>>> print(open('query-v6.tsv').read())   # TSV, N, CA and C atoms
chain	number	residue	atom	x	y	z
A	1	MET	N	15.76	1.71	-13.26
A	1	MET	CA	14.87	1.06	-12.32
A	1	MET	C	14.29	2.11	-11.38
A	2	ARG	N	13.00	1.98	-11.11
A	2	ARG	CA	12.31	2.92	-10.22
A	2	ARG	C	12.70	2.68	-8.76
A	3	LYS	N	12.57	3.74	-7.97
A	3	LYS	CA	12.78	3.60	-6.53
A	3	LYS	C	11.42	3.72	-5.83
A	4	ILE	N	11.36	3.20	-4.61
A	4	ILE	CA	10.15	3.28	-3.81
A	4	ILE	C	10.26	4.47	-2.86
A	5	SER	N	9.23	5.31	-2.84
A	5	SER	CA	9.14	6.41	-1.89
A	5	SER	C	7.82	6.27	-1.14
A	6	TRP	N	7.77	6.83	0.03
A	6	TRP	CA	6.58	6.75	0.87
A	6	TRP	C	6.03	8.14	1.15
A	7	ASP	N	4.74	8.31	0.97
A	7	ASP	CA	4.05	9.50	1.44
A	7	ASP	C	4.08	9.46	2.97
A	8	LYS	N	4.24	10.60	3.60
A	8	LYS	CA	4.33	10.62	5.07
A	8	LYS	C	3.10	9.98	5.71
A	9	GLN	N	1.92	10.27	5.17
A	9	GLN	CA	0.68	9.72	5.72
A	9	GLN	C	0.65	8.20	5.59
A	10	ALA	N	1.14	7.66	4.48
A	10	ALA	CA	1.16	6.21	4.29
A	10	ALA	C	2.09	5.54	5.31
A	11	THR	N	3.18	6.18	5.64
A	11	THR	CA	4.09	5.65	6.65
A	11	THR	C	3.39	5.57	8.00
A	12	ILE	N	2.66	6.61	8.34
A	12	ILE	CA	1.91	6.64	9.60
A	12	ILE	C	0.82	5.56	9.58
A	13	GLN	N	0.13	5.42	8.46
A	13	GLN	CA	-0.93	4.42	8.35
A	13	GLN	C	-0.39	3.00	8.51
A	14	LEU	N	0.76	2.72	7.93
A	14	LEU	CA	1.35	1.38	8.09
A	14	LEU	C	1.73	1.14	9.54
A	15	SER	N	2.32	2.12	10.16
A	15	SER	CA	2.73	1.99	11.56
A	15	SER	C	1.52	1.72	12.46
A	16	LYS	N	0.43	2.45	12.25
A	16	LYS	CA	-0.78	2.24	13.03
A	16	LYS	C	-1.38	0.86	12.77
A	17	ALA	N	-1.36	0.43	11.53
A	17	ALA	CA	-1.91	-0.88	11.18
A	17	ALA	C	-1.13	-1.99	11.88
A	18	ILE	N	0.18	-1.90	11.84
A	18	ILE	CA	1.01	-2.93	12.46
A	18	ILE	C	0.84	-2.90	13.99
A	19	SER	N	0.72	-1.72	14.56
A	19	SER	CA	0.49	-1.61	16.01
A	19	SER	C	-0.84	-2.24	16.40
A	20	PHE	N	-1.85	-2.04	15.58
A	20	PHE	CA	-3.16	-2.63	15.84
A	20	PHE	C	-3.09	-4.16	15.82
A	21	VAL	N	-2.42	-4.72	14.81
A	21	VAL	CA	-2.27	-6.17	14.72
A	21	VAL	C	-1.45	-6.69	15.90
A	22	ARG	N	-0.43	-5.94	16.28
A	22	ARG	CA	0.47	-6.34	17.37
A	22	ARG	C	-0.27	-6.48	18.71
A	23	GLU	N	-1.34	-5.72	18.90
A	23	GLU	CA	-2.11	-5.83	20.13
A	23	GLU	C	-2.64	-7.25	20.35
A	24	ASP	N	-3.02	-7.91	19.27
A	24	ASP	CA	-3.52	-9.28	19.35
A	24	ASP	C	-2.43	-10.33	19.20
A	25	SER	N	-1.46	-10.03	18.33
A	25	SER	CA	-0.44	-11.04	18.05
A	25	SER	C	0.83	-10.40	17.51
A	26	PRO	N	1.88	-10.34	18.33
A	26	PRO	CA	3.15	-9.80	17.85
A	26	PRO	C	3.70	-10.59	16.66
A	27	GLN	N	3.50	-11.90	16.66
A	27	GLN	CA	4.00	-12.72	15.56
A	27	GLN	C	3.28	-12.38	14.26
A	28	ASN	N	1.95	-12.22	14.33
A	28	ASN	CA	1.20	-11.87	13.12
A	28	ASN	C	1.57	-10.47	12.64
A	29	ALA	N	1.83	-9.56	13.57
A	29	ALA	CA	2.21	-8.20	13.18
A	29	ALA	C	3.50	-8.23	12.36
A	30	ASP	N	4.47	-9.00	12.82
A	30	ASP	CA	5.73	-9.11	12.08
A	30	ASP	C	5.51	-9.74	10.72
A	31	LYS	N	4.66	-10.75	10.65
A	31	LYS	CA	4.37	-11.42	9.39
A	31	LYS	C	3.67	-10.47	8.41
A	32	VAL	N	2.66	-9.76	8.89
A	32	VAL	CA	1.91	-8.82	8.04
A	32	VAL	C	2.84	-7.74	7.51
A	33	LYS	N	3.65	-7.17	8.39
A	33	LYS	CA	4.58	-6.11	7.97
A	33	LYS	C	5.57	-6.63	6.93
A	34	LYS	N	6.14	-7.79	7.19
A	34	LYS	CA	7.12	-8.37	6.28
A	34	LYS	C	6.50	-8.64	4.90
A	35	GLU	N	5.28	-9.17	4.88
A	35	GLU	CA	4.66	-9.51	3.60
A	35	GLU	C	4.21	-8.27	2.84
A	36	ILE	N	3.71	-7.26	3.55
A	36	ILE	CA	3.33	-6.02	2.86
A	36	ILE	C	4.56	-5.35	2.27
A	37	LEU	N	5.63	-5.24	3.06
A	37	LEU	CA	6.85	-4.60	2.55
A	37	LEU	C	7.48	-5.41	1.43
A	38	GLY	N	7.40	-6.73	1.50
A	38	GLY	CA	7.92	-7.58	0.43
A	38	GLY	C	7.16	-7.37	-0.86
A	39	ARG	N	5.84	-7.27	-0.76
A	39	ARG	CA	5.02	-7.05	-1.95
A	39	ARG	C	5.29	-5.67	-2.54
A	40	ILE	N	5.50	-4.68	-1.69
A	40	ILE	CA	5.84	-3.34	-2.16
A	40	ILE	C	7.19	-3.35	-2.87
A	41	ASP	N	8.16	-4.04	-2.32
A	41	ASP	CA	9.49	-4.12	-2.95
A	41	ASP	C	9.41	-4.72	-4.35
A	42	LYS	N	8.50	-5.64	-4.57
A	42	LYS	CA	8.35	-6.27	-5.89
A	42	LYS	C	7.79	-5.32	-6.94
A	43	LEU	N	7.19	-4.22	-6.50
A	43	LEU	CA	6.65	-3.25	-7.45
A	43	LEU	C	7.73	-2.62	-8.31
A	44	VAL	N	8.95	-2.58	-7.81
A	44	VAL	CA	10.05	-1.97	-8.56
A	44	VAL	C	10.19	-2.63	-9.94
A	45	SER	N	10.05	-3.94	-9.99
A	45	SER	CA	10.23	-4.64	-11.26
A	45	SER	C	8.95	-4.80	-12.06
A	46	ALA	N	7.78	-4.65	-11.42
A	46	ALA	CA	6.52	-4.82	-12.14
A	46	ALA	C	5.42	-3.95	-11.52
A	47	PRO	N	5.53	-2.63	-11.65
A	47	PRO	CA	4.57	-1.75	-10.99
A	47	PRO	C	3.15	-1.83	-11.56
A	48	GLU	N	3.03	-2.23	-12.81
A	48	GLU	CA	1.72	-2.29	-13.45
A	48	GLU	C	1.02	-3.63	-13.24
A	49	ILE	N	1.57	-4.49	-12.38
A	49	ILE	CA	1.00	-5.82	-12.16
A	49	ILE	C	-0.38	-5.74	-11.49
A	50	ASN	N	-0.61	-4.68	-10.72
A	50	ASN	CA	-1.88	-4.51	-10.03
A	50	ASN	C	-2.80	-3.59	-10.84
A	51	PRO	N	-4.12	-3.74	-10.64
A	51	PRO	CA	-5.07	-2.93	-11.41
A	51	PRO	C	-5.07	-1.46	-10.97
A	52	PRO	N	-5.58	-0.58	-11.84
A	52	PRO	CA	-5.73	0.82	-11.43
A	52	PRO	C	-6.62	0.91	-10.19
A	53	ASP	N	-6.33	1.89	-9.35
A	53	ASP	CA	-7.08	2.08	-8.11
A	53	ASP	C	-8.46	2.63	-8.42
A	54	LYS	N	-9.49	1.83	-8.16
A	54	LYS	CA	-10.86	2.22	-8.48
A	54	LYS	C	-11.40	3.32	-7.57
A	55	TYR	N	-10.71	3.61	-6.48
A	55	TYR	CA	-11.17	4.66	-5.57
A	55	TYR	C	-10.48	6.01	-5.82
A	56	LYS	N	-9.58	6.05	-6.78
A	56	LYS	CA	-8.91	7.31	-7.12
A	56	LYS	C	-9.73	8.03	-8.18
A	57	MET	N	-10.18	9.23	-7.85
A	57	MET	CA	-10.95	10.01	-8.81
A	57	MET	C	-10.05	10.47	-9.95
A	58	ASN	N	-10.60	10.49	-11.15
A	58	ASN	CA	-9.87	10.95	-12.33
A	58	ASN	C	-8.53	10.24	-12.48
A	59	ASN	N	-8.54	8.94	-12.27
A	59	ASN	CA	-7.31	8.15	-12.34
A	59	ASN	C	-6.99	7.81	-13.78
A	60	SER	N	-5.86	8.25	-14.25
A	60	SER	CA	-5.43	7.95	-15.62
A	60	SER	C	-4.78	6.57	-15.70
A	61	GLY	N	-4.74	5.86	-14.58
A	61	GLY	CA	-4.10	4.54	-14.53
A	61	GLY	C	-2.77	4.55	-13.81
A	62	ASN	N	-2.31	5.72	-13.43
A	62	ASN	CA	-1.04	5.82	-12.72
A	62	ASN	C	-1.16	5.44	-11.25
A	63	PHE	N	-2.36	5.58	-10.69
A	63	PHE	CA	-2.59	5.13	-9.33
A	63	PHE	C	-3.08	3.70	-9.39
A	64	ARG	N	-2.41	2.82	-8.67
A	64	ARG	CA	-2.75	1.40	-8.66
A	64	ARG	C	-2.89	0.95	-7.22
A	65	ALA	N	-3.48	-0.23	-7.02
A	65	ALA	CA	-3.69	-0.71	-5.66
A	65	ALA	C	-3.72	-2.22	-5.61
A	66	PHE	N	-3.40	-2.75	-4.44
A	66	PHE	CA	-3.54	-4.18	-4.18
A	66	PHE	C	-3.97	-4.37	-2.74
A	67	GLU	N	-4.53	-5.54	-2.46
A	67	GLU	CA	-4.96	-5.86	-1.10
A	67	GLU	C	-4.17	-7.06	-0.60
A	68	LEU	N	-3.78	-6.97	0.66
A	68	LEU	CA	-3.02	-8.05	1.30
A	68	LEU	C	-3.30	-7.99	2.80
A	69	HIS	N	-3.66	-9.11	3.38
A	69	HIS	CA	-3.98	-9.20	4.81
A	69	HIS	C	-5.02	-8.16	5.23
A	70	HIS	N	-6.02	-7.99	4.41
A	70	HIS	CA	-7.12	-7.05	4.69
A	70	HIS	C	-6.68	-5.59	4.69
A	71	TYR	N	-5.57	-5.30	4.06
A	71	TYR	CA	-5.13	-3.92	3.90
A	71	TYR	C	-5.04	-3.61	2.42
A	72	ARG	N	-5.51	-2.42	2.06
A	72	ARG	CA	-5.47	-1.95	0.68
A	72	ARG	C	-4.33	-0.94	0.58
A	73	ILE	N	-3.37	-1.25	-0.28
A	73	ILE	CA	-2.20	-0.40	-0.46
A	73	ILE	C	-2.33	0.29	-1.82
A	74	SER	N	-2.38	1.60	-1.81
A	74	SER	CA	-2.49	2.39	-3.04
A	74	SER	C	-1.15	3.06	-3.32
A	75	TYR	N	-0.79	3.09	-4.58
A	75	TYR	CA	0.51	3.68	-4.94
A	75	TYR	C	0.43	4.37	-6.30
A	76	LEU	N	1.31	5.32	-6.48
A	76	LEU	CA	1.41	6.10	-7.71
A	76	LEU	C	2.66	5.67	-8.47
A	77	VAL	N	2.45	5.32	-9.73
A	77	VAL	CA	3.57	4.93	-10.59
A	77	VAL	C	4.02	6.15	-11.39
A	78	LYS	N	5.25	6.56	-11.16
A	78	LYS	CA	5.84	7.66	-11.92
A	78	LYS	C	6.99	7.09	-12.74
A	79	GLU	N	7.55	7.89	-13.60
A	79	GLU	CA	8.60	7.42	-14.48
A	79	GLU	C	9.82	6.88	-13.73
A	80	GLU	N	10.23	7.56	-12.66
A	80	GLU	CA	11.44	7.16	-11.96
A	80	GLU	C	11.20	6.69	-10.52
A	81	GLU	N	9.95	6.71	-10.08
A	81	GLU	CA	9.68	6.26	-8.71
A	81	GLU	C	8.26	5.75	-8.56
A	82	ILE	N	8.06	5.02	-7.49
A	82	ILE	CA	6.75	4.53	-7.09
A	82	ILE	C	6.50	5.10	-5.71
A	83	ILE	N	5.41	5.83	-5.57
A	83	ILE	CA	5.10	6.47	-4.30
A	83	ILE	C	3.97	5.71	-3.63
A	84	ILE	N	4.24	5.19	-2.43
A	84	ILE	CA	3.20	4.53	-1.65
A	84	ILE	C	2.33	5.65	-1.09
A	85	ALA	N	1.07	5.69	-1.53
A	85	ALA	CA	0.20	6.82	-1.22
A	85	ALA	C	-0.62	6.64	0.04
A	86	ARG	N	-1.16	5.42	0.24
A	86	ARG	CA	-1.97	5.21	1.43
A	86	ARG	C	-2.18	3.74	1.71
A	87	ILE	N	-2.47	3.46	2.98
A	87	ILE	CA	-2.73	2.09	3.42
A	87	ILE	C	-3.96	2.15	4.31
A	88	ARG	N	-5.00	1.42	3.92
A	88	ARG	CA	-6.26	1.42	4.68
A	88	ARG	C	-6.75	0.01	4.87
A	89	HIS	N	-7.37	-0.26	5.99
A	89	HIS	CA	-7.96	-1.57	6.24
A	89	HIS	C	-9.18	-1.71	5.32
A	90	THR	N	-9.37	-2.89	4.77
A	90	THR	CA	-10.46	-3.10	3.83
A	90	THR	C	-11.83	-3.04	4.47
A	91	SER	N	-11.91	-3.14	5.80
A	91	SER	CA	-13.21	-3.05	6.46
A	91	SER	C	-13.67	-1.59	6.61
A	92	MET	N	-12.75	-0.65	6.39
A	92	MET	CA	-13.11	0.76	6.46
A	92	MET	C	-13.90	1.12	5.21
A	93	GLN	N	-14.84	2.04	5.37
A	93	GLN	CA	-15.61	2.47	4.21
A	93	GLN	C	-14.66	3.09	3.20
A	94	PRO	N	-14.76	2.66	1.94
A	94	PRO	CA	-13.85	3.20	0.93
A	94	PRO	C	-14.01	4.71	0.81
A	95	LEU	N	-12.91	5.39	0.66
A	95	LEU	CA	-12.93	6.84	0.46
A	95	LEU	C	-12.31	7.15	-0.90
A	96	LEU	N	-13.00	7.99	-1.63
A	96	LEU	CA	-12.42	8.48	-2.87
A	96	LEU	C	-11.37	9.51	-2.51
A	97	TYR	N	-10.36	9.58	-3.31
A	97	TYR	CA	-9.32	10.58	-3.09
A	97	TYR	C	-8.84	11.11	-4.39
>>> encode(input="query-v6.tsv", output="structure tokens")
Amino acid sequence: MRKISWDKQATIQLSKAISFVREDSPQNADKVKKEILGRIDKLVSAPEINPPDKYKMNNSGNFRAFELHHYRISYLVKEEEIIIARIRHTSMQPLLY
């Protein structure tokens, strides 16, 4: 079974996202964080459930992404781990990486 790892930048991005939501609603911030982390935890058993990340240049299909609560979570599927690569708000202009 694969393990979940986080890129340092993705950890910072999640923290900033939750802080931003918390400014308006602490309850919603907790809900958003819980649901994003829950969805990430489910990747262990089905990492290919989400489509390949269309914003990843030269993507062989190992980079995948999903959207939840207006956040796009991109991750890399490796043989023994899943790396959470980045978290961006969907209202931000998409960036290729």
>>> residues_around(input="query-v6.tsv", residues="region 43-50 of chain A", least_positions_apart="3", cutoff="7 Å", atoms="all atoms listed in the file", output="PyMOL selection string")
chain A and resi 1-4+38-40+53+64-66+77
>>> write_last_selection(input="query-v6.tsv", atoms="N, CA and C atoms", output="PDB file, keeping the file's coordinate frame")
ATOM      1  N   MET A   1      15.760   1.710 -13.260  1.00  0.00           N
ATOM      2  CA  MET A   1      14.870   1.060 -12.320  1.00  0.00           C
ATOM      3  C   MET A   1      14.290   2.110 -11.380  1.00  0.00           C
ATOM      4  N   ARG A   2      13.000   1.980 -11.110  1.00  0.00           N
ATOM      5  CA  ARG A   2      12.310   2.920 -10.220  1.00  0.00           C
ATOM      6  C   ARG A   2      12.700   2.680  -8.760  1.00  0.00           C
ATOM      7  N   LYS A   3      12.570   3.740  -7.970  1.00  0.00           N
ATOM      8  CA  LYS A   3      12.780   3.600  -6.530  1.00  0.00           C
ATOM      9  C   LYS A   3      11.420   3.720  -5.830  1.00  0.00           C
ATOM     10  N   ILE A   4      11.360   3.200  -4.610  1.00  0.00           N
ATOM     11  CA  ILE A   4      10.150   3.280  -3.810  1.00  0.00           C
ATOM     12  C   ILE A   4      10.260   4.470  -2.860  1.00  0.00           C
ATOM     13  N   GLY A  38       7.400  -6.730   1.500  1.00  0.00           N
ATOM     14  CA  GLY A  38       7.920  -7.580   0.430  1.00  0.00           C
ATOM     15  C   GLY A  38       7.160  -7.370  -0.860  1.00  0.00           C
ATOM     16  N   ARG A  39       5.840  -7.270  -0.760  1.00  0.00           N
ATOM     17  CA  ARG A  39       5.020  -7.050  -1.950  1.00  0.00           C
ATOM     18  C   ARG A  39       5.290  -5.670  -2.540  1.00  0.00           C
ATOM     19  N   ILE A  40       5.500  -4.680  -1.690  1.00  0.00           N
ATOM     20  CA  ILE A  40       5.840  -3.340  -2.160  1.00  0.00           C
ATOM     21  C   ILE A  40       7.190  -3.350  -2.870  1.00  0.00           C
ATOM     22  N   ASP A  53      -6.330   1.890  -9.350  1.00  0.00           N
ATOM     23  CA  ASP A  53      -7.080   2.080  -8.110  1.00  0.00           C
ATOM     24  C   ASP A  53      -8.460   2.630  -8.420  1.00  0.00           C
ATOM     25  N   ARG A  64      -2.410   2.820  -8.670  1.00  0.00           N
ATOM     26  CA  ARG A  64      -2.750   1.400  -8.660  1.00  0.00           C
ATOM     27  C   ARG A  64      -2.890   0.950  -7.220  1.00  0.00           C
ATOM     28  N   ALA A  65      -3.480  -0.230  -7.020  1.00  0.00           N
ATOM     29  CA  ALA A  65      -3.690  -0.710  -5.660  1.00  0.00           C
ATOM     30  C   ALA A  65      -3.720  -2.220  -5.610  1.00  0.00           C
ATOM     31  N   PHE A  66      -3.400  -2.750  -4.440  1.00  0.00           N
ATOM     32  CA  PHE A  66      -3.540  -4.180  -4.180  1.00  0.00           C
ATOM     33  C   PHE A  66      -3.970  -4.370  -2.740  1.00  0.00           C
ATOM     34  N   VAL A  77       2.450   5.320  -9.730  1.00  0.00           N
ATOM     35  CA  VAL A  77       3.570   4.930 -10.590  1.00  0.00           C
ATOM     36  C   VAL A  77       4.020   6.150 -11.390  1.00  0.00           C
TER      37      VAL A  77
END
>>> residues_around(input="query-v6.tsv", residues="region 11-27 of chain A", least_positions_apart="5", cutoff="10 Å", atoms="only C-alpha atoms", output="list in words")
Ser5, Trp6, Val32, Lys33, Ile36, Leu37, Tyr71, Ile73, Ile84, Ala85, Arg86, Ile87, Arg88 and His89 of chain A
>>> write_last_selection(input="query-v6.tsv", atoms="N, CA and C atoms", output="PDB file, in the coordinates of the input")
ATOM      1  N   SER A   5       9.230   5.310  -2.840  1.00  0.00           N
ATOM      2  CA  SER A   5       9.140   6.410  -1.890  1.00  0.00           C
ATOM      3  C   SER A   5       7.820   6.270  -1.140  1.00  0.00           C
ATOM      4  N   TRP A   6       7.770   6.830   0.030  1.00  0.00           N
ATOM      5  CA  TRP A   6       6.580   6.750   0.870  1.00  0.00           C
ATOM      6  C   TRP A   6       6.030   8.140   1.150  1.00  0.00           C
ATOM      7  N   VAL A  32       2.660  -9.760   8.890  1.00  0.00           N
ATOM      8  CA  VAL A  32       1.910  -8.820   8.040  1.00  0.00           C
ATOM      9  C   VAL A  32       2.840  -7.740   7.510  1.00  0.00           C
ATOM     10  N   LYS A  33       3.650  -7.170   8.390  1.00  0.00           N
ATOM     11  CA  LYS A  33       4.580  -6.110   7.970  1.00  0.00           C
ATOM     12  C   LYS A  33       5.570  -6.630   6.930  1.00  0.00           C
ATOM     13  N   ILE A  36       3.710  -7.260   3.550  1.00  0.00           N
ATOM     14  CA  ILE A  36       3.330  -6.020   2.860  1.00  0.00           C
ATOM     15  C   ILE A  36       4.560  -5.350   2.270  1.00  0.00           C
ATOM     16  N   LEU A  37       5.630  -5.240   3.060  1.00  0.00           N
ATOM     17  CA  LEU A  37       6.850  -4.600   2.550  1.00  0.00           C
ATOM     18  C   LEU A  37       7.480  -5.410   1.430  1.00  0.00           C
ATOM     19  N   TYR A  71      -5.570  -5.300   4.060  1.00  0.00           N
ATOM     20  CA  TYR A  71      -5.130  -3.920   3.900  1.00  0.00           C
ATOM     21  C   TYR A  71      -5.040  -3.610   2.420  1.00  0.00           C
ATOM     22  N   ILE A  73      -3.370  -1.250  -0.280  1.00  0.00           N
ATOM     23  CA  ILE A  73      -2.200  -0.400  -0.460  1.00  0.00           C
ATOM     24  C   ILE A  73      -2.330   0.290  -1.820  1.00  0.00           C
ATOM     25  N   ILE A  84       4.240   5.190  -2.430  1.00  0.00           N
ATOM     26  CA  ILE A  84       3.200   4.530  -1.650  1.00  0.00           C
ATOM     27  C   ILE A  84       2.330   5.650  -1.090  1.00  0.00           C
ATOM     28  N   ALA A  85       1.070   5.690  -1.530  1.00  0.00           N
ATOM     29  CA  ALA A  85       0.200   6.820  -1.220  1.00  0.00           C
ATOM     30  C   ALA A  85      -0.620   6.640   0.040  1.00  0.00           C
ATOM     31  N   ARG A  86      -1.160   5.420   0.240  1.00  0.00           N
ATOM     32  CA  ARG A  86      -1.970   5.210   1.430  1.00  0.00           C
ATOM     33  C   ARG A  86      -2.180   3.740   1.710  1.00  0.00           C
ATOM     34  N   ILE A  87      -2.470   3.460   2.980  1.00  0.00           N
ATOM     35  CA  ILE A  87      -2.730   2.090   3.420  1.00  0.00           C
ATOM     36  C   ILE A  87      -3.960   2.150   4.310  1.00  0.00           C
ATOM     37  N   ARG A  88      -5.000   1.420   3.920  1.00  0.00           N
ATOM     38  CA  ARG A  88      -6.260   1.420   4.680  1.00  0.00           C
ATOM     39  C   ARG A  88      -6.750   0.010   4.870  1.00  0.00           C
ATOM     40  N   HIS A  89      -7.370  -0.260   5.990  1.00  0.00           N
ATOM     41  CA  HIS A  89      -7.960  -1.570   6.240  1.00  0.00           C
ATOM     42  C   HIS A  89      -9.180  -1.710   5.320  1.00  0.00           C
TER      43      HIS A  89
END
>>> atom_distance(input="query-v6.tsv", atom1="atom C of Glu81 (chain A)", atom2="CA of Asn28 (chain A)")
28.8 Å
>>> atom_distance(input="query-v6.tsv", atom1="CA of His70 (chain A)", atom2="atom N of Pro94 (chain A)")
12.7 Å
>>> closest_residue(input="query-v6.tsv", among="A:Lys78, A:Glu35, A:Tyr55, A:His69", to="Thr90 (chain A)", atoms="only N, CA and C atoms")
A:His69
>>> select_by_dssp(input="query-v6.tsv", residues="chain A", states="helix (DSSP H, G or I)", output="JSON, numbers by chain")
{"A": [8, 9, 10, 11, 12, 13, 14, 15, 16, 17, 18, 19, 20, 21, 22, 23, 24, 26, 27, 28, 29, 30, 31, 32, 33, 34, 35, 36, 37, 38, 39, 40, 41, 42, 47, 48, 49]}
